[in-house]
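Novice: Dropping the structure in here first, questions after.
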There are 2 protein chains.
Amino acid sequence: MAAALDRSFAALSDPTRRAIVSRLARGPARVTDVAARFPITLNAVSKHLKVLERAGLLRRRRAGREHHLELRAAPLREIARWTSRYERFWNEKLDALGAFLEEEN
Amino acid sequence: MAAALDRSFAALSDPTRRAIVSRLARGPARVTDVAARFPITLNAVSKHLKVLERAGLLRRRRAGREHHLELRAAPLREIARWTSRYERFWNEKLDALGAFLEEEN
DNA sequence: CCAATATTCAACCACATGGTTGAATATGTC
DNA sequence: GACATATTCAACCATGTGGTTGAATATTGG
């Protein structure tokens, strides 16, 4: 589904959210734990977490009053898969004969 | 630079722009050529192209009144590099002992 | 019960975005 | 010069975003 890619790319276009992903890669954390690292409000972090959650990049387990967050990297795999379709262009080798077919998404 | 990643991720968060990348992977094209495939205005496509250009995802060569566009995939490589840092999470193997250090960006 | 802690909800603000329409600017063609 | 083609610029609109502040909702602990 294309909309999923939309959300994943959009979620990762913000440096704070990429930093949150980075943080969660080091292990699960609560909202407050994540927020502690950033100079913005807890509320702002809460919003970022919702964006990441909607993109499927994290899972939230409510445990009492605490929300335990853990990284879900499947969307990252989809992004890697999408970009890998253009690997042959990465080296700036101008062989335009590398034209190939593909369906969009 | 983090802002470059910001722009790349943001540029690719739109399905039209991903389709434009896909189109340019099949070879260079003019603005009108690209626009022909989409149900939106030429003006809208022109804006999308500017976003892709600012993200470094395409290069524009003016040839008379025509602008020749060609894919520049280097930012895609950066995205692939960023996401690859999380490869170990892709298989949903819940070994939380896979914690590892990293600096953000 | 009461107070503290963890988190979200709601309203607001400034700004970006994706789209439109209409005009402007170049360049090519007759 | 006059007209057509290629592209951008400018203004506008609706919607989303990243941030704030302040209030609400749960849960835990004395």
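Naming works like this for the structure tokens: A, B, ... for the chains as they're shown, residue 1 at the start of each chain, ligands 1 onward in shown order.
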Specify as a PyMOL selection string all residues of chain C found within 10 Å of chain A, counting only C-alpha atoms (C1' of nucleotides).
Specialist: chain C and resi 5-8
Novice: Write out chain B, as a compact mmCIF listing (two decimals) with C-alpha atoms, in the first residue's frame, after superposing it onto chain A by least squares using every C-alpha atom paired in order.
Specialist:
# COMPACT_ATOMS: atom_id res chain seq x y z
CA MET B 1 -0.06 -0.05 -0.01
CA ALA B 2 1.33 3.30 -1.04
CA ALA B 3 -0.16 5.22 1.87
CA ALA B 4 1.94 3.19 4.26
CA LEU B 5 5.07 4.32 2.48
CA ASP B 6 3.75 7.87 2.57
CA ARG B 7 3.44 7.70 6.33
CA SER B 8 6.80 6.04 6.85
CA PHE B 9 8.73 8.51 4.73
CA ALA B 10 6.89 11.42 6.30
CA ALA B 11 7.50 10.14 9.82
CA LEU B 12 11.22 9.92 9.17
CA SER B 13 11.49 13.35 7.59
CA ASP B 14 11.75 14.94 11.03
CA PRO B 15 15.10 14.82 12.87
CA THR B 16 13.47 14.49 16.27
CA ARG B 17 11.55 11.47 15.12
CA ARG B 18 14.65 9.89 13.61
CA ALA B 19 16.38 10.48 16.94
CA ILE B 20 13.49 8.77 18.69
CA VAL B 21 13.88 5.79 16.40
CA SER B 22 17.56 5.81 17.23
CA ARG B 23 16.78 5.91 20.93
CA LEU B 24 14.31 3.04 20.71
CA ALA B 25 16.86 0.96 18.85
CA ARG B 26 18.84 0.92 22.10
CA GLY B 27 15.89 -0.65 23.87
CA PRO B 28 12.30 0.02 24.92
CA ALA B 29 11.48 3.18 26.82
CA ARG B 30 8.62 5.08 28.33
CA VAL B 31 7.35 8.36 26.92
CA THR B 32 9.07 10.35 29.64
CA ASP B 33 12.35 8.54 29.04
CA VAL B 34 12.25 9.42 25.38
CA ALA B 35 11.23 13.01 26.08
CA ALA B 36 14.11 13.54 28.50
CA ARG B 37 16.61 13.71 25.63
CA PHE B 38 14.93 16.51 23.76
CA PRO B 39 14.69 20.23 24.40
CA ILE B 40 11.01 20.25 23.49
CA THR B 41 7.89 19.74 25.53
CA LEU B 42 6.70 16.33 26.62
CA ASN B 43 3.56 17.13 24.68
CA ALA B 44 5.53 17.67 21.51
CA VAL B 45 7.26 14.33 22.01
CA SER B 46 3.90 12.70 22.59
CA LYS B 47 2.77 13.99 19.22
CA HIS B 48 5.92 12.71 17.53
CA LEU B 49 5.29 9.31 19.07
CA LYS B 50 1.80 9.28 17.66
CA VAL B 51 3.16 10.00 14.20
CA LEU B 52 5.68 7.17 14.51
CA GLU B 53 3.00 4.86 15.83
CA ARG B 54 0.63 5.65 12.97
CA ALA B 55 3.48 4.86 10.59
CA GLY B 56 3.91 1.51 12.32
CA LEU B 57 7.41 2.39 13.44
CA LEU B 58 6.78 1.74 17.09
CA ARG B 59 4.50 -0.35 19.22
CA ARG B 60 2.99 0.88 22.46
CA ARG B 61 2.24 -1.39 25.40
CA ARG B 62 0.28 0.28 28.19
CA ALA B 63 1.49 -0.93 31.58
CA GLY B 64 -0.40 0.92 34.22
CA ARG B 65 0.10 4.59 33.80
CA GLU B 66 3.26 4.03 31.78
CA HIS B 67 3.39 3.42 28.05
CA HIS B 68 6.20 1.14 27.01
CA LEU B 69 7.47 1.91 23.53
CA GLU B 70 9.44 -0.39 21.33
CA LEU B 71 10.79 -0.07 17.85
CA ARG B 72 9.03 -1.81 14.99
CA ALA B 73 11.33 -1.80 12.02
CA ALA B 74 9.17 -3.41 9.37
CA PRO B 75 8.36 -0.05 7.71
CA LEU B 76 12.08 0.63 7.50
CA ARG B 77 12.45 -2.56 5.56
CA GLU B 78 9.82 -1.36 3.10
CA ILE B 79 11.69 1.89 2.68
CA ALA B 80 14.92 0.04 2.08
CA ARG B 81 13.16 -2.11 -0.45
CA TRP B 82 11.77 0.91 -2.26
CA THR B 83 15.08 2.73 -2.41
CA SER B 84 16.94 -0.40 -3.44
CA ARG B 85 15.10 -0.27 -6.73
CA TYR B 86 17.38 2.62 -7.61
CA GLU B 87 20.66 1.14 -6.44
CA ARG B 88 21.94 1.08 -9.96
CA PHE B 89 21.84 4.88 -10.02
CA TRP B 90 23.76 5.40 -6.82
CA ASN B 91 27.20 5.46 -8.35
CA GLU B 92 26.36 8.29 -10.72
CA LYS B 93 27.43 6.06 -13.55
CA LEU B 94 25.81 7.95 -16.35
CA ASP B 95 25.07 4.88 -18.43
CA ALA B 96 21.60 5.97 -19.42
CA LEU B 97 21.23 2.58 -21.03
CA GLY B 98 20.50 1.33 -17.54
CA ALA B 99 16.88 2.11 -18.29
CA PHE B 100 14.61 -0.58 -17.00
CA LEU B 101 10.92 -1.20 -16.51
CA GLU B 102 9.12 -0.99 -13.25
CA GLU B 103 5.67 -0.42 -11.88
CA GLU B 104 5.19 2.53 -9.60
CA ASN B 105 4.57 2.77 -5.91
Novice: For each of D:DA4, D:DG18, D:DG30, D:DA24, take the minimum atom-to-atom distance to chain A, counting only C-alpha atoms (C1' of nucleotides), then give the residue where this is smallest.
Specialist: D:DG18
Novice: Could you tell me, as a list in words, which residues of range 47-96 of chain A DSSP assigns to alpha helix (DSSP H) when given the backbone?
Specialist: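 In range 47-96 of chain A, DSSP puts these residues in alpha helix (DSSP H): Lys47, His48, Leu49, Lys50, Val51, Leu52, Glu53, Arg54, Ala74, Pro75, Leu76, Arg77, Glu78, Ile79, Ala80, Arg81, Trp82, Thr83 and Ser84 of chain A.
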Novice: So that I can check the surroundings of DA11 in chain D, please list as a PyMOL selection string every protein, DNA and RNA residue that reaches within 12 Å of it, counting only C-alpha atoms (C1' of nucleotides) and ignoring chain neighbours fewer than 4 positions away.
Specialist: chain C and resi 20-23
Novice: Where in chain A does DSSP assign strand (DSSP E), given as a PDB file with N, CA and C atoms, in the first residue's frame?
Specialist:
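Okay, out_18.pdb is ready:
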ATOM      1  N   ALA A  29      11.424   2.018  25.888  1.00  0.00           N
ATOM      2  CA  ALA A  29      11.451   3.153  26.796  1.00  0.00           C
ATOM      3  C   ALA A  29      10.037   3.649  27.009  1.00  0.00           C
ATOM      4  N   ARG A  30       9.884   4.416  28.078  1.00  0.00           N
ATOM      5  CA  ARG A  30       8.596   5.038  28.316  1.00  0.00           C
ATOM      6  C   ARG A  30       8.601   6.414  27.656  1.00  0.00           C
ATOM      7  N   LEU A  58       6.630   2.188  15.666  1.00  0.00           N
ATOM      8  CA  LEU A  58       6.798   1.760  17.051  1.00  0.00           C
ATOM      9  C   LEU A  58       5.527   1.118  17.545  1.00  0.00           C
ATOM     10  N   ARG A  59       5.690   0.280  18.543  1.00  0.00           N
ATOM     11  CA  ARG A  59       4.536  -0.337  19.169  1.00  0.00           C
ATOM     12  C   ARG A  59       4.457   0.151  20.596  1.00  0.00           C
ATOM     13  N   ARG A  60       3.230   0.306  21.069  1.00  0.00           N
ATOM     14  CA  ARG A  60       3.010   0.863  22.392  1.00  0.00           C
ATOM     15  C   ARG A  60       2.304  -0.184  23.241  1.00  0.00           C
ATOM     16  N   ARG A  61       2.885  -0.498  24.383  1.00  0.00           N
ATOM     17  CA  ARG A  61       2.247  -1.433  25.316  1.00  0.00           C
ATOM     18  C   ARG A  61       1.918  -0.668  26.586  1.00  0.00           C
ATOM     19  N   ARG A  62       0.639  -0.488  26.860  1.00  0.00           N
ATOM     20  CA  ARG A  62       0.277   0.200  28.091  1.00  0.00           C
ATOM     21  C   ARG A  62       0.487  -0.728  29.289  1.00  0.00           C
ATOM     22  N   ALA A  63       1.215  -0.266  30.268  1.00  0.00           N
ATOM     23  CA  ALA A  63       1.472  -1.032  31.488  1.00  0.00           C
ATOM     24  C   ALA A  63       1.174  -0.107  32.646  1.00  0.00           C
ATOM     25  N   GLU A  66       2.066   3.764  32.613  1.00  0.00           N
ATOM     26  CA  GLU A  66       3.199   3.933  31.715  1.00  0.00           C
ATOM     27  C   GLU A  66       2.916   3.299  30.358  1.00  0.00           C
ATOM     28  N   HIS A  67       3.445   3.951  29.332  1.00  0.00           N
ATOM     29  CA  HIS A  67       3.369   3.376  27.986  1.00  0.00           C
ATOM     30  C   HIS A  67       4.768   2.899  27.624  1.00  0.00           C
ATOM     31  N   HIS A  68       4.902   1.623  27.362  1.00  0.00           N
ATOM     32  CA  HIS A  68       6.196   1.101  26.945  1.00  0.00           C
ATOM     33  C   HIS A  68       6.266   1.095  25.428  1.00  0.00           C
ATOM     34  N   LEU A  69       7.302   1.740  24.919  1.00  0.00           N
ATOM     35  CA  LEU A  69       7.460   1.900  23.478  1.00  0.00           C
ATOM     36  C   LEU A  69       8.603   1.026  22.999  1.00  0.00           C
ATOM     37  N   GLU A  70       8.345   0.347  21.885  1.00  0.00           N
ATOM     38  CA  GLU A  70       9.456  -0.393  21.294  1.00  0.00           C
ATOM     39  C   GLU A  70       9.444  -0.222  19.786  1.00  0.00           C
ATOM     40  N   LEU A  71      10.645  -0.247  19.242  1.00  0.00           N
ATOM     41  CA  LEU A  71      10.831  -0.042  17.809  1.00  0.00           C
ATOM     42  C   LEU A  71      10.210  -1.183  17.017  1.00  0.00           C
TER      43      LEU A  71
END
Novice: I need the chain D residues near chain B as a ChimeraX atom specification; criterion: at most 10 Å, counting only C-alpha atoms (C1' of nucleotides).
Specialist: /D:5-8
Novice: To one decimal place, how far is C1' of DC2 in chain C from C1' of DG22 in chain D in Å?
Specialist: 22.1 Å
Novice: Could you state the separation of C1' of DT27 in chain D and C1' of DA4 in chain C in Å, given to one decimal place?
Specialist: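 C1' of DT27 in chain D sits 10.5 Å away from C1' of DA4 in chain C.
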